[in-house]
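File shown here: run38.cif, holding mmCIF, C-alpha atoms.
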```cif
data_target
loop_
_atom_site.label_atom_id
_atom_site.label_comp_id
_atom_site.auth_asym_id
_atom_site.auth_seq_id
_atom_site.Cartn_x
_atom_site.Cartn_y
_atom_site.Cartn_z
CA MET A 13 0.00 0.00 0.00
CA LEU A 14 1.19 3.50 -0.85
CA LEU A 15 -0.46 6.67 0.42
CA ILE A 16 0.46 9.99 -1.18
CA ARG A 17 -0.65 12.83 1.06
CA ASN A 18 -1.36 16.46 0.26
CA CYS A 19 -0.23 16.54 -3.37
CA HIS A 20 -1.39 19.03 -5.97
CA LEU A 21 -3.07 16.67 -8.44
CA ILE A 22 -3.22 17.79 -12.06
CA ASP A 23 -5.01 15.29 -14.29
CA PRO A 24 -5.81 16.68 -17.75
CA ALA A 25 -8.15 13.77 -18.59
CA SER A 26 -10.59 14.66 -15.81
CA GLY A 27 -9.70 18.32 -15.48
CA THR A 28 -8.72 17.82 -11.84
CA ASP A 29 -6.49 20.60 -10.52
CA GLY A 30 -6.37 20.71 -6.74
CA MET A 31 -5.11 19.24 -3.50
CA ARG A 32 -5.65 15.51 -3.10
CA ASP A 33 -4.54 12.36 -1.30
CA ILE A 34 -4.01 9.27 -3.44
CA LEU A 35 -4.14 5.70 -2.12
CA VAL A 36 -2.47 2.94 -4.14
CA GLU A 37 -3.12 -0.73 -3.49
CA GLY A 38 -1.35 -3.34 -5.57
CA GLU A 39 -1.13 -2.11 -9.14
CA GLN A 40 -4.22 0.10 -8.95
CA ILE A 41 -5.31 3.45 -7.62
CA ARG A 42 -7.80 2.61 -4.90
CA SER A 43 -8.91 6.09 -3.84
CA VAL A 44 -8.48 9.76 -4.69
CA ALA A 45 -9.81 12.03 -1.96
CA ARG A 46 -9.56 15.44 -0.38
CA PRO A 47 -6.58 15.83 1.96
CA GLY A 48 -7.07 14.09 5.29
CA GLU A 49 -10.03 11.95 4.22
CA LEU A 50 -8.01 8.74 3.78
CA PRO A 51 -6.78 6.87 6.87
CA LEU A 52 -3.08 6.33 7.42
CA PRO A 53 -1.94 2.74 6.91
CA GLU A 54 -1.25 0.76 10.03
CA GLU A 55 2.37 0.49 11.11
CA GLY A 56 4.23 -1.69 8.64
CA GLY A 57 1.22 -1.74 6.35
CA GLY A 58 2.56 0.54 3.67
CA ARG A 59 4.48 3.66 2.82
CA VAL A 60 3.39 7.26 3.16
CA ILE A 61 4.79 10.00 0.92
CA HIS A 62 4.24 13.50 2.26
CA ALA A 63 3.94 15.37 -1.01
CA ASP A 64 3.58 18.93 0.26
CA GLY A 65 4.71 21.29 -2.49
CA LEU A 66 4.73 18.56 -5.15
CA ILE A 67 2.54 18.17 -8.22
CA ALA A 68 1.10 14.72 -8.88
CA ALA A 69 0.24 13.81 -12.45
CA PRO A 70 -0.30 10.73 -14.57
CA GLY A 71 2.91 8.99 -15.55
CA LEU A 72 4.24 10.51 -18.77
CA VAL A 73 3.61 8.65 -22.03
CA ASP A 74 6.37 9.02 -24.63
CA THR A 75 5.36 7.65 -28.01
CA HIS A 76 8.62 8.22 -29.91
CA VAL A 77 11.59 6.49 -28.32
CA HIS A 78 14.64 4.54 -29.53
CA PHE A 79 16.10 1.92 -27.17
CA ARG A 80 18.46 0.46 -29.87
CA ASP A 81 17.66 -3.10 -28.77
CA PRO A 82 18.19 -5.42 -30.61
CA GLY A 83 21.31 -4.61 -32.58
CA ALA A 84 22.97 -1.56 -31.04
CA GLU A 85 22.92 -2.27 -27.32
CA TYR A 86 26.21 -0.43 -26.89
CA LYS A 87 24.17 2.78 -27.25
CA GLU A 88 21.16 1.73 -25.17
CA ASP A 89 19.24 -1.40 -24.30
CA ILE A 90 15.69 -1.90 -23.17
CA PHE A 91 16.69 -2.01 -19.49
CA THR A 92 18.85 1.13 -19.45
CA GLY A 93 16.30 2.91 -21.61
CA ALA A 94 13.56 2.00 -19.16
CA ALA A 95 15.68 3.29 -16.25
CA SER A 96 16.19 6.56 -18.10
CA ALA A 97 12.45 6.81 -18.74
CA ALA A 98 11.60 6.22 -15.08
CA ALA A 99 14.05 8.93 -14.01
CA GLY A 100 12.24 11.33 -16.32
CA GLY A 101 8.78 10.48 -15.03
CA VAL A 102 7.89 8.38 -18.07
CA THR A 103 5.90 5.24 -17.24
CA SER A 104 4.91 4.22 -20.78
CA VAL A 105 7.02 4.29 -23.93
CA VAL A 106 6.31 3.37 -27.54
CA LEU A 107 9.50 2.21 -29.24
CA MET A 108 10.42 2.86 -32.84
CA ALA A 109 11.12 -0.09 -35.11
CA ASN A 110 14.44 0.82 -36.78
CA THR A 111 16.42 -1.78 -34.87
CA THR A 112 18.70 -4.47 -36.31
CA PRO A 113 16.94 -6.75 -37.09
CA ARG A 114 13.96 -4.58 -37.90
CA VAL A 115 10.62 -5.00 -36.17
CA ASP A 116 9.12 -6.21 -39.45
CA ASN A 117 8.53 -9.75 -38.18
CA GLU A 118 6.86 -11.41 -35.20
CA ASP A 119 10.08 -12.85 -33.75
CA THR A 120 11.71 -9.44 -33.26
CA LEU A 121 8.43 -8.00 -32.06
CA ARG A 122 8.13 -10.72 -29.41
CA TYR A 123 11.75 -10.18 -28.33
CA VAL A 124 11.15 -6.49 -27.71
CA MET A 125 7.87 -7.09 -25.91
CA GLU A 126 9.29 -9.83 -23.67
CA ARG A 127 12.30 -7.73 -22.70
CA GLY A 128 10.01 -4.80 -22.03
CA GLU A 129 7.93 -6.88 -19.62
CA GLN A 130 11.06 -7.37 -17.48
CA THR A 131 11.51 -3.64 -16.87
CA GLY A 132 9.86 -1.43 -14.27
CA ILE A 133 7.83 0.55 -16.81
CA ARG A 134 5.39 -0.26 -19.61
CA VAL A 135 7.18 -0.84 -22.90
CA TYR A 136 5.17 -0.92 -26.12
CA THR A 137 6.50 -0.96 -29.66
CA CYS A 138 5.61 -0.02 -33.18
CA ALA A 139 6.35 -2.36 -36.06
CA ASN A 140 7.68 -1.33 -39.44
CA VAL A 141 5.54 -0.13 -42.31
CA THR A 142 7.81 -1.73 -44.94
CA MET A 143 10.04 -4.78 -44.96
CA ASP A 144 13.58 -3.90 -43.84
CA MET A 145 12.49 -0.25 -44.04
CA ALA A 146 13.30 -0.47 -47.76
CA GLY A 147 10.15 1.40 -48.72
CA ASP A 148 8.97 -0.98 -51.44
CA GLU A 149 7.00 -3.79 -49.73
CA LEU A 150 4.49 -3.48 -46.91
CA THR A 151 4.86 -5.64 -43.83
CA ASP A 152 2.02 -7.91 -42.77
CA MET A 153 0.50 -5.18 -40.67
CA ASP A 154 -2.50 -7.29 -39.72
CA SER A 155 -0.45 -10.11 -38.17
CA LEU A 156 1.98 -7.70 -36.48
CA LEU A 157 -0.92 -5.82 -34.93
CA ARG A 158 -2.43 -9.06 -33.63
CA ALA A 159 0.97 -10.03 -32.24
CA GLY A 160 1.12 -6.89 -30.13
CA ALA A 161 2.36 -3.91 -32.16
CA VAL A 162 0.55 -0.70 -31.20
CA GLY A 163 1.34 1.29 -34.36
CA PHE A 164 3.48 1.38 -37.47
CA THR A 165 6.39 3.52 -38.63
CA ASP A 166 9.59 3.48 -40.63
CA ASP A 167 10.91 6.32 -38.49
CA GLY A 168 14.43 7.18 -39.53
CA LYS A 169 13.49 6.89 -43.19
CA PRO A 170 10.79 8.63 -45.20
CA LEU A 171 8.35 6.67 -47.36
CA LEU A 172 9.30 8.12 -50.73
CA ASP A 173 7.09 5.95 -52.95
CA ASP A 174 3.66 7.58 -53.19
CA GLY A 175 1.98 4.27 -53.95
CA ILE A 176 3.49 2.54 -50.92
CA ALA A 177 2.61 5.47 -48.66
CA ARG A 178 -1.00 5.38 -49.87
CA LYS A 179 -1.26 1.61 -49.42
CA ALA A 180 0.17 1.92 -45.93
CA MET A 181 -2.45 4.50 -45.02
CA GLN A 182 -5.24 2.43 -46.53
CA GLU A 183 -4.17 -0.60 -44.51
CA ALA A 184 -3.77 1.45 -41.34
CA ALA A 185 -7.26 2.89 -41.84
CA ARG A 186 -8.68 -0.62 -42.30
CA LEU A 187 -7.00 -1.80 -39.11
CA HIS A 188 -7.84 1.37 -37.13
CA VAL A 189 -4.22 1.80 -36.07
CA PRO A 190 -1.97 4.90 -36.18
CA VAL A 191 0.86 5.16 -38.68
CA SER A 192 3.67 7.66 -38.13
CA PHE A 193 5.78 9.40 -40.75
CA HIS A 194 9.34 10.69 -40.81
CA GLU A 195 9.03 13.68 -43.12
CA GLU A 196 12.35 14.38 -44.86
CA ASP A 197 12.76 14.17 -48.63
CA PRO A 198 16.46 13.50 -49.32
CA ALA A 199 16.16 15.40 -52.61
CA TYR A 200 16.35 18.61 -50.56
CA ILE A 201 19.17 17.48 -48.26
CA VAL A 202 22.90 17.88 -48.87
CA ASN A 203 24.01 17.20 -45.28
CA ASN A 204 21.40 15.89 -42.87
CA GLY A 205 20.99 17.02 -39.28
CA VAL A 206 21.85 20.71 -39.83
CA ASN A 207 19.50 23.42 -41.05
CA ALA A 208 20.31 24.87 -44.48
CA GLY A 209 20.73 28.35 -43.07
CA LYS A 210 22.97 30.04 -40.55
CA ALA A 211 24.26 26.77 -39.06
CA ALA A 212 25.11 25.22 -42.43
CA GLU A 213 26.83 28.42 -43.51
CA PHE A 214 28.87 28.46 -40.30
CA PHE A 215 30.18 24.95 -40.96
CA GLY A 216 30.52 25.46 -44.71
CA ILE A 217 28.11 22.67 -45.64
CA GLY A 218 24.87 22.40 -47.59
CA GLY A 219 22.62 21.27 -44.78
CA SER A 220 18.97 20.26 -44.88
CA ASP A 221 16.49 22.58 -46.57
CA ARG A 222 13.11 23.12 -44.92
CA GLN A 223 11.39 21.98 -48.12
CA ALA A 224 12.51 18.46 -47.27
CA GLU A 225 9.91 18.45 -44.51
CA ILE A 226 7.30 20.73 -46.05
CA SER A 227 6.94 18.75 -49.27
CA MET A 228 6.39 15.42 -47.53
CA VAL A 229 4.06 16.81 -44.88
CA ARG A 230 1.92 18.30 -47.64
CA ARG A 231 1.79 14.96 -49.49
CA ASP A 232 1.02 12.85 -46.43
CA LEU A 233 -1.67 15.14 -45.08
CA SER A 234 -3.40 15.05 -48.47
CA MET A 235 -3.23 11.25 -48.55
CA ALA A 236 -4.47 10.97 -44.97
CA LEU A 237 -7.51 13.08 -45.73
CA GLU A 238 -8.14 10.95 -48.81
CA THR A 239 -7.78 7.57 -47.09
CA GLY A 240 -9.14 8.39 -43.64
CA ALA A 241 -5.97 7.09 -42.00
CA ARG A 242 -4.96 8.14 -38.50
CA ILE A 243 -1.47 9.54 -39.02
CA VAL A 244 1.22 11.21 -36.94
CA ILE A 245 3.52 13.83 -38.40
CA GLN A 246 6.65 13.10 -36.41
CA HIS A 247 9.10 15.60 -34.84
CA ILE A 248 7.77 18.66 -36.67
CA SER A 249 10.41 21.35 -37.21
CA ALA A 250 9.24 23.91 -39.79
CA LYS A 251 6.67 26.67 -39.36
CA GLU A 252 5.15 25.90 -42.77
CA ALA A 253 4.59 22.29 -41.71
CA VAL A 254 2.84 23.46 -38.55
CA GLU A 255 0.45 25.54 -40.64
CA LEU A 256 -0.24 22.63 -43.00
CA VAL A 257 -1.14 20.45 -40.02
CA ARG A 258 -3.35 23.22 -38.61
CA GLN A 259 -5.34 23.35 -41.85
CA ALA A 260 -5.62 19.56 -42.07
CA ARG A 261 -6.80 19.16 -38.47
CA ARG A 262 -9.69 21.49 -39.24
CA LYS A 263 -10.84 18.86 -41.73
CA SER A 264 -10.08 15.68 -39.78
CA GLY A 265 -9.56 14.65 -36.17
CA ARG A 266 -7.40 11.79 -37.40
CA ILE A 267 -4.43 14.07 -38.03
CA HIS A 268 -1.87 14.24 -35.23
CA ALA A 269 1.51 15.92 -34.87
CA GLU A 270 4.31 15.68 -32.36
CA ALA A 271 6.84 18.22 -31.14
CA THR A 272 10.08 17.30 -29.46
CA PRO A 273 11.43 19.22 -26.47
CA HIS A 274 14.56 20.10 -28.43
CA HIS A 275 12.57 21.63 -31.28
CA PHE A 276 10.55 23.87 -28.93
CA SER A 277 13.62 24.71 -26.81
CA LEU A 278 16.51 25.24 -29.25
CA THR A 279 17.34 26.75 -32.64
CA GLU A 280 20.12 26.19 -35.14
CA GLU A 281 22.29 28.43 -32.97
CA ALA A 282 22.67 25.41 -30.69
CA VAL A 283 24.39 23.44 -33.45
CA ILE A 284 26.98 26.20 -33.74
CA GLU A 285 27.48 26.04 -29.96
CA TYR A 286 27.28 22.30 -29.30
CA GLY A 287 28.16 20.70 -32.64
CA THR A 288 27.21 17.02 -32.88
CA MET A 289 25.33 17.21 -29.57
CA ALA A 290 22.68 19.32 -31.32
CA LYS A 291 22.62 17.53 -34.66
CA MET A 292 19.28 15.86 -35.38
CA ASN A 293 16.82 14.84 -38.08
CA PRO A 294 14.91 16.97 -38.84
CA PRO A 295 17.31 19.72 -37.79
CA LEU A 296 16.87 22.57 -35.36
CA ARG A 297 15.73 25.53 -37.42
CA GLU A 298 15.09 29.23 -36.80
CA GLU A 299 13.48 31.13 -33.94
CA ALA A 300 10.36 31.70 -36.06
CA ASP A 301 10.03 27.94 -36.44
CA ARG A 302 10.46 27.38 -32.71
CA GLN A 303 7.77 29.95 -31.98
CA ALA A 304 5.44 28.37 -34.54
CA ILE A 305 5.84 25.00 -32.82
CA ILE A 306 5.03 26.58 -29.45
CA ALA A 307 1.97 28.29 -30.96
CA GLY A 308 0.92 24.95 -32.43
CA LEU A 309 1.14 23.30 -29.03
CA ALA A 310 -0.84 26.13 -27.47
CA ASP A 311 -3.74 26.04 -29.92
CA GLY A 312 -3.95 22.26 -30.26
CA THR A 313 -2.49 21.98 -33.75
CA ILE A 314 0.30 19.87 -32.24
CA ASP A 315 -1.22 17.48 -29.72
CA LEU A 316 1.77 15.32 -28.76
CA ILE A 317 5.11 15.96 -27.09
CA ALA A 318 7.57 13.11 -27.62
CA THR A 319 11.30 13.03 -27.09
CA ASP A 320 12.66 11.06 -30.06
CA HIS A 321 15.13 9.74 -27.44
CA ALA A 322 18.07 8.76 -29.66
CA PRO A 323 21.15 7.44 -27.84
CA HIS A 324 24.59 7.46 -29.48
CA SER A 325 27.99 6.56 -28.06
CA ALA A 326 30.69 9.05 -27.13
CA GLU A 327 32.87 7.67 -29.93
CA GLU A 328 30.16 8.34 -32.50
CA GLU A 329 29.54 11.84 -31.20
CA ALA A 330 33.28 12.59 -31.45
CA ARG A 331 33.23 12.18 -35.22
CA PRO A 332 33.22 15.24 -37.52
CA LEU A 333 29.82 16.93 -37.78
CA THR A 334 28.99 15.55 -41.21
CA GLU A 335 29.90 12.00 -40.15
CA ALA A 336 28.35 11.82 -36.68
CA PRO A 337 24.87 10.31 -36.32
CA SER A 338 21.86 12.55 -35.71
CA GLY A 339 19.76 12.62 -32.57
CA ILE A 340 19.98 13.27 -28.83
CA ILE A 341 18.64 11.61 -25.71
CA GLY A 342 15.71 13.31 -24.02
CA LEU A 343 13.74 11.15 -21.60
CA GLU A 344 15.23 12.67 -18.45
CA THR A 345 14.92 16.32 -19.48
CA SER A 346 11.58 16.43 -21.34
CA LEU A 347 9.40 17.49 -18.42
CA SER A 348 11.88 20.15 -17.28
CA LEU A 349 12.14 21.61 -20.77
CA GLY A 350 8.37 21.75 -21.03
CA ILE A 351 8.10 23.51 -17.69
CA MET A 352 10.92 25.96 -18.47
CA ASN A 353 10.13 26.81 -22.09
CA LEU A 354 6.37 26.42 -22.24
CA VAL A 355 4.76 26.79 -18.80
CA HIS A 356 7.07 29.28 -17.10
CA THR A 357 7.07 31.46 -20.22
CA GLY A 358 3.28 31.60 -20.16
CA ALA A 359 2.86 29.87 -23.51
CA LEU A 360 1.04 26.82 -22.10
CA SER A 361 -0.76 25.99 -18.89
CA MET A 362 0.52 23.06 -16.86
CA GLN A 363 -2.71 21.25 -17.77
CA ARG A 364 -1.99 21.70 -21.47
CA LEU A 365 1.63 20.62 -21.17
CA LEU A 366 0.68 17.48 -19.28
CA ALA A 367 -2.14 16.69 -21.72
CA CYS A 368 0.40 16.59 -24.55
CA MET A 369 2.60 14.27 -22.48
CA THR A 370 -0.04 11.97 -20.94
CA VAL A 371 -3.64 11.55 -22.04
CA ASN A 372 -3.21 12.65 -25.67
CA PRO A 373 -0.50 10.14 -26.61
CA ALA A 374 -2.15 7.40 -24.54
CA SER A 375 -5.49 7.95 -26.28
CA LEU A 376 -3.88 7.91 -29.72
CA TYR A 377 -2.43 4.44 -29.12
CA GLY A 378 -5.37 3.11 -27.11
CA LEU A 379 -3.32 2.67 -23.93
CA ASP A 380 -4.85 2.51 -20.46
CA ALA A 381 -2.49 5.22 -19.30
CA GLY A 382 -2.18 8.98 -19.03
CA ARG A 383 -4.98 9.49 -16.52
CA ILE A 384 -5.65 9.21 -12.77
CA TYR A 385 -8.86 7.47 -11.74
CA GLU A 386 -10.05 5.10 -9.03
CA GLY A 387 -9.59 1.53 -10.20
CA GLY A 388 -7.13 2.62 -12.85
CA PRO A 389 -3.46 1.69 -13.19
CA ALA A 390 -1.21 3.20 -10.54
CA ASP A 391 1.12 4.96 -12.95
CA LEU A 392 1.91 8.47 -11.72
CA ILE A 393 4.64 10.96 -10.98
CA LEU A 394 5.39 13.50 -8.32
CA PHE A 395 7.50 16.50 -9.31
CA ASP A 396 8.62 19.85 -8.00
CA GLU A 397 7.80 22.47 -10.61
CA LYS A 398 10.27 24.99 -9.16
CA GLU A 399 13.26 22.89 -8.11
CA GLU A 400 16.46 23.64 -9.97
CA TRP A 401 18.89 20.86 -10.81
CA ILE A 402 21.89 20.22 -13.02
CA PRO A 403 22.11 16.85 -14.79
CA GLY A 404 25.60 15.51 -14.20
CA LYS A 405 25.07 12.00 -15.55
CA PHE A 406 21.98 10.51 -17.10
CA HIS A 407 20.62 7.04 -16.38
CA SER A 408 20.77 6.35 -20.11
CA LYS A 409 23.73 4.35 -21.36
CA SER A 410 24.48 7.29 -23.68
CA GLN A 411 25.06 10.89 -22.63
CA ASN A 412 24.53 12.73 -25.93
CA SER A 413 22.59 15.80 -24.86
CA PRO A 414 23.27 19.53 -25.06
CA PHE A 415 21.53 19.83 -21.68
CA LEU A 416 24.14 17.83 -19.78
CA GLY A 417 25.58 20.12 -17.09
CA LYS A 418 22.99 22.85 -17.74
CA LYS A 419 20.69 24.27 -15.07
CA MET A 420 17.17 22.89 -15.38
CA THR A 421 13.95 23.78 -13.58
CA GLY A 422 11.35 21.18 -12.64
CA LYS A 423 12.50 17.95 -11.00
CA VAL A 424 10.90 14.52 -10.93
CA LYS A 425 10.88 13.31 -7.33
CA TYR A 426 9.02 9.98 -7.60
CA THR A 427 7.88 7.80 -10.47
CA VAL A 428 5.34 5.09 -9.70
CA CYS A 429 4.46 2.38 -12.22
CA ARG A 430 2.13 -0.55 -11.56
CA GLY A 431 1.96 0.67 -7.97
CA ARG A 432 5.70 0.38 -7.40
CA ILE A 433 8.15 3.25 -6.91
CA VAL A 434 10.48 2.77 -9.88
CA TYR A 435 12.38 6.02 -9.40
CA GLU A 436 13.00 8.15 -6.33
CA ASP A 437 15.13 11.27 -6.34
CA LYS A 438 17.64 10.87 -3.54
CA THR A 439 19.84 13.84 -4.31
CA GLU A 440 20.33 16.32 -1.49
#
```

Take the structure in this file and express it as structure tokens.
Amino acid sequence: MLLIRNCHLIDPASGTDGMRDILVEGEQIRSVARPGELPLPEEGGGRVIHADGLIAAPGLVDTHVHFRDPGAEYKEDIFTGAASAAAGGVTSVVLMANTTPRVDNEDTLRYVMERGEQTGIRVYTCANVTMDMAGDELTDMDSLLRAGAVGFTDDGKPLLDDGIARKAMQEAARLHVPVSFHEEDPAYIVNNGVNAGKAAEFFGIGGSDRQAEISMVRRDLSMALETGARIVIQHISAKEAVELVRQARRKSGRIHAEATPHHFSLTEEAVIEYGTMAKMNPPLREEADRQAIIAGLADGTIDLIATDHAPHSAEEEARPLTEAPSGIIGLETSLSLGIMNLVHTGALSMQRLLACMTVNPASLYGLDAGRIYEGGPADLILFDEKEEWIPGKFHSKSQNSPFLGKKMTGKVKYTVCRGRIVYEDKTE
């Protein structure tokens, strides 16, 4: 038994925003009541957390994560990835399928799911849209869905063939399952991971033009409206793409878009400052793009916040900019960045931020997560909105983040999943 006393409960699903006590029994939330209404457990009968000054919220749900397992466990594995998630307040993750071997078959899918069951959090996974992510043959989406996949994506590679993209959407619509798209046309990219602007000019390279994203977002939104598919525009980076999504969402509630914390927190200036630690696909762009993403989150155009947690080794990050892989880790800093750059700036309410990180992604994938209710799963977090902290070492196996050693605001204090405390902040 776990009793959380005198917390400030914010649950976007129910609209709750006030002081509560929460009683957890086994893997479920037994009671949510006004402070003082729930009896203390008898001595030895459970733990009491005095949560004065802390916000309680549903455990975060991150639907765009790379754990590199199988195939690149030197960067991350499912266990270290899960530990990193728990430290960031994330109790449910949806893994991407660009592993080696790919998640284009039931054997690899079962491997990921079985390993995930051995962690302290809830690990779900997408399967691939095309075989070996080659873009020319659809996977057996029906059988992969029945085997446990929660969605489909070839994240890391765009679907360039219009016919394959349309067939994928038609099949996803038939199966009532989301399909997510990495929107970068290589025809507009000379060097990936760096915006074709000030940053590319600084390094004397061609970079990645914004049309790489805009052109594919336009195509996929048109196809989605035509087929009725539920699609996700992944890691949106360009202001024009935000506006295209805004227009499409007015026509269909099946259009979804995600923003990463790095795209709403940083611009291409960070690549000049941090080099490979700020290289990512799609790249960090201009301040106008960052502001457009924030506006999209505020007005509901962008309904998901996901980290695109992408671990890489120190050796890989030490390569020259044009040779180093793209992507940064983000599970342990996502909530802080949202608090600092969205809530404390006045752009979003805490309710809105948490909706994009809990109930919205959970609802998209049909997960029993992202909400606090009696009889529901005991997946929740306690955090201090105002506490400052400096990440010295992440729980992730990789440390590739421009936020390492930087002052952050907003600290996860406890993460509870299935009724168990899977992370507790013990720093003084």

Practice problem: Excluding A:Ala318 and residues on its chain fewer than 5 positions from it, collect all residues at most 8 Å away from it, counting all atoms listed in the file, and give them as a ChimeraX atom specification. | Solution: /A:74-77,247,270-273,369

Quiz prompt | Atom-to-atom span, atom CA of A:Phe276 and atom CA of A:Ile248, Å | solution =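 Value for the atom CA of A:Phe276-atom CA of A:Ile248 distance: 9.7 Å.
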
Exercise. Please check which residues have atoms at most 12 Å from (0.5, 19.1, -20.6) in the file's coordinates, counting all atoms listed in the file, and write them as a PyMOL selection string.
Key: chain A and resi 22-25+27+69-73+309-310+312+314-318+346-351+354-355+359-373+382-383

Quiz item: Quick one: residues within 12 Å of A:Gly417, only C-alpha atoms counted, chain neighbours fewer than 2 positions away excluded, as a list in words?
Solution: Thr345, Trp401, Ile402, Pro403, Gly404, Lys405, Phe406, Gln411, Asn412, Ser413, Pro414, Phe415, Lys419 and Met420 of chain A

Quiz prompt | Evaluate the PyMOL selection byres ((chain A and resi 147) around 8) and report residues as number ranges by chain | solution = A: 142-146, 148-150, 171-173, 176

Test item: the PyMOL selection byres ((chain A and resi 96) around 12) resolved as a PDB file with C-alpha atoms, in the coordinates of the input:
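Wrote part-v3.pdb, looks like this:
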```
ATOM      1  CA  VAL A  77      11.590   6.490 -28.320  1.00  0.00           C
ATOM      2  CA  HIS A  78      14.640   4.540 -29.530  1.00  0.00           C
ATOM      3  CA  PHE A  79      16.100   1.920 -27.170  1.00  0.00           C
ATOM      4  CA  GLU A  88      21.160   1.730 -25.170  1.00  0.00           C
ATOM      5  CA  ASP A  89      19.240  -1.400 -24.300  1.00  0.00           C
ATOM      6  CA  ILE A  90      15.690  -1.900 -23.170  1.00  0.00           C
ATOM      7  CA  PHE A  91      16.690  -2.010 -19.490  1.00  0.00           C
ATOM      8  CA  THR A  92      18.850   1.130 -19.450  1.00  0.00           C
ATOM      9  CA  GLY A  93      16.300   2.910 -21.610  1.00  0.00           C
ATOM     10  CA  ALA A  94      13.560   2.000 -19.160  1.00  0.00           C
ATOM     11  CA  ALA A  95      15.680   3.290 -16.250  1.00  0.00           C
ATOM     12  CA  ALA A  97      12.450   6.810 -18.740  1.00  0.00           C
ATOM     13  CA  ALA A  98      11.600   6.220 -15.080  1.00  0.00           C
ATOM     14  CA  ALA A  99      14.050   8.930 -14.010  1.00  0.00           C
ATOM     15  CA  GLY A 100      12.240  11.330 -16.320  1.00  0.00           C
ATOM     16  CA  GLY A 101       8.780  10.480 -15.030  1.00  0.00           C
ATOM     17  CA  VAL A 102       7.890   8.380 -18.070  1.00  0.00           C
ATOM     18  CA  THR A 103       5.900   5.240 -17.240  1.00  0.00           C
ATOM     19  CA  SER A 104       4.910   4.220 -20.780  1.00  0.00           C
ATOM     20  CA  VAL A 105       7.020   4.290 -23.930  1.00  0.00           C
ATOM     21  CA  THR A 131      11.510  -3.640 -16.870  1.00  0.00           C
ATOM     22  CA  GLY A 132       9.860  -1.430 -14.270  1.00  0.00           C
ATOM     23  CA  ILE A 133       7.830   0.550 -16.810  1.00  0.00           C
ATOM     24  CA  HIS A 321      15.130   9.740 -27.440  1.00  0.00           C
ATOM     25  CA  ALA A 322      18.070   8.760 -29.660  1.00  0.00           C
ATOM     26  CA  PRO A 323      21.150   7.440 -27.840  1.00  0.00           C
ATOM     27  CA  ILE A 341      18.640  11.610 -25.710  1.00  0.00           C
ATOM     28  CA  GLY A 342      15.710  13.310 -24.020  1.00  0.00           C
ATOM     29  CA  LEU A 343      13.740  11.150 -21.600  1.00  0.00           C
ATOM     30  CA  GLU A 344      15.230  12.670 -18.450  1.00  0.00           C
ATOM     31  CA  THR A 345      14.920  16.320 -19.480  1.00  0.00           C
ATOM     32  CA  SER A 346      11.580  16.430 -21.340  1.00  0.00           C
ATOM     33  CA  LYS A 405      25.070  12.000 -15.550  1.00  0.00           C
ATOM     34  CA  PHE A 406      21.980  10.510 -17.100  1.00  0.00           C
ATOM     35  CA  HIS A 407      20.620   7.040 -16.380  1.00  0.00           C
ATOM     36  CA  SER A 408      20.770   6.350 -20.110  1.00  0.00           C
ATOM     37  CA  LYS A 409      23.730   4.350 -21.360  1.00  0.00           C
ATOM     38  CA  SER A 410      24.480   7.290 -23.680  1.00  0.00           C
ATOM     39  CA  GLN A 411      25.060  10.890 -22.630  1.00  0.00           C
ATOM     40  CA  VAL A 424      10.900  14.520 -10.930  1.00  0.00           C
ATOM     41  CA  THR A 427       7.880   7.800 -10.470  1.00  0.00           C
ATOM     42  CA  VAL A 434      10.480   2.770  -9.880  1.00  0.00           C
ATOM     43  CA  TYR A 435      12.380   6.020  -9.400  1.00  0.00           C
TER      44      TYR A 435
END
```

Quiz item: What is the atom CA of A:Arg222-atom CA of A:Pro295 distance in Å, reported with one decimal?
Solution: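 Interatomic distance, atom CA of A:Arg222 to atom CA of A:Pro295: 8.9 Å.
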
Quiz item: How many Å separate atom CA of A:Gly308 from atom CA of A:Ala269?
Solution: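 Atom CA of A:Ala269 lies 9.4 Å from atom CA of A:Gly308.
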
Quiz prompt | Among listed residues A:Thr439, A:Asp232, A:Gly422, A:Asp391, nearest A:Arg134 (using only C-alpha atoms) | solution = A:Asp391

Quiz prompt | Residue members of the PyMOL selection byres ((chain A and resi 257-264) around 12) in the file shown, as a ChimeraX atom specification | solution = /A:226,228-246,248-256,265-270,304-305,307-315

Axis-aligned box for stretch 426-437 of chain A, 8 Å per side, centre and edges in Å as JSON:
```
{"center_x": 8.5, "center_y": 5.4, "center_z": -9.3, "size_x": 29.2, "size_y": 27.8, "size_z": 21.9}
```

Quiz item: What's the 12 Å shell around A:Arg186, counting all atoms listed in the file, without same-chain residues fewer than 2 positions away, as a count of residues only?
Solution: 17
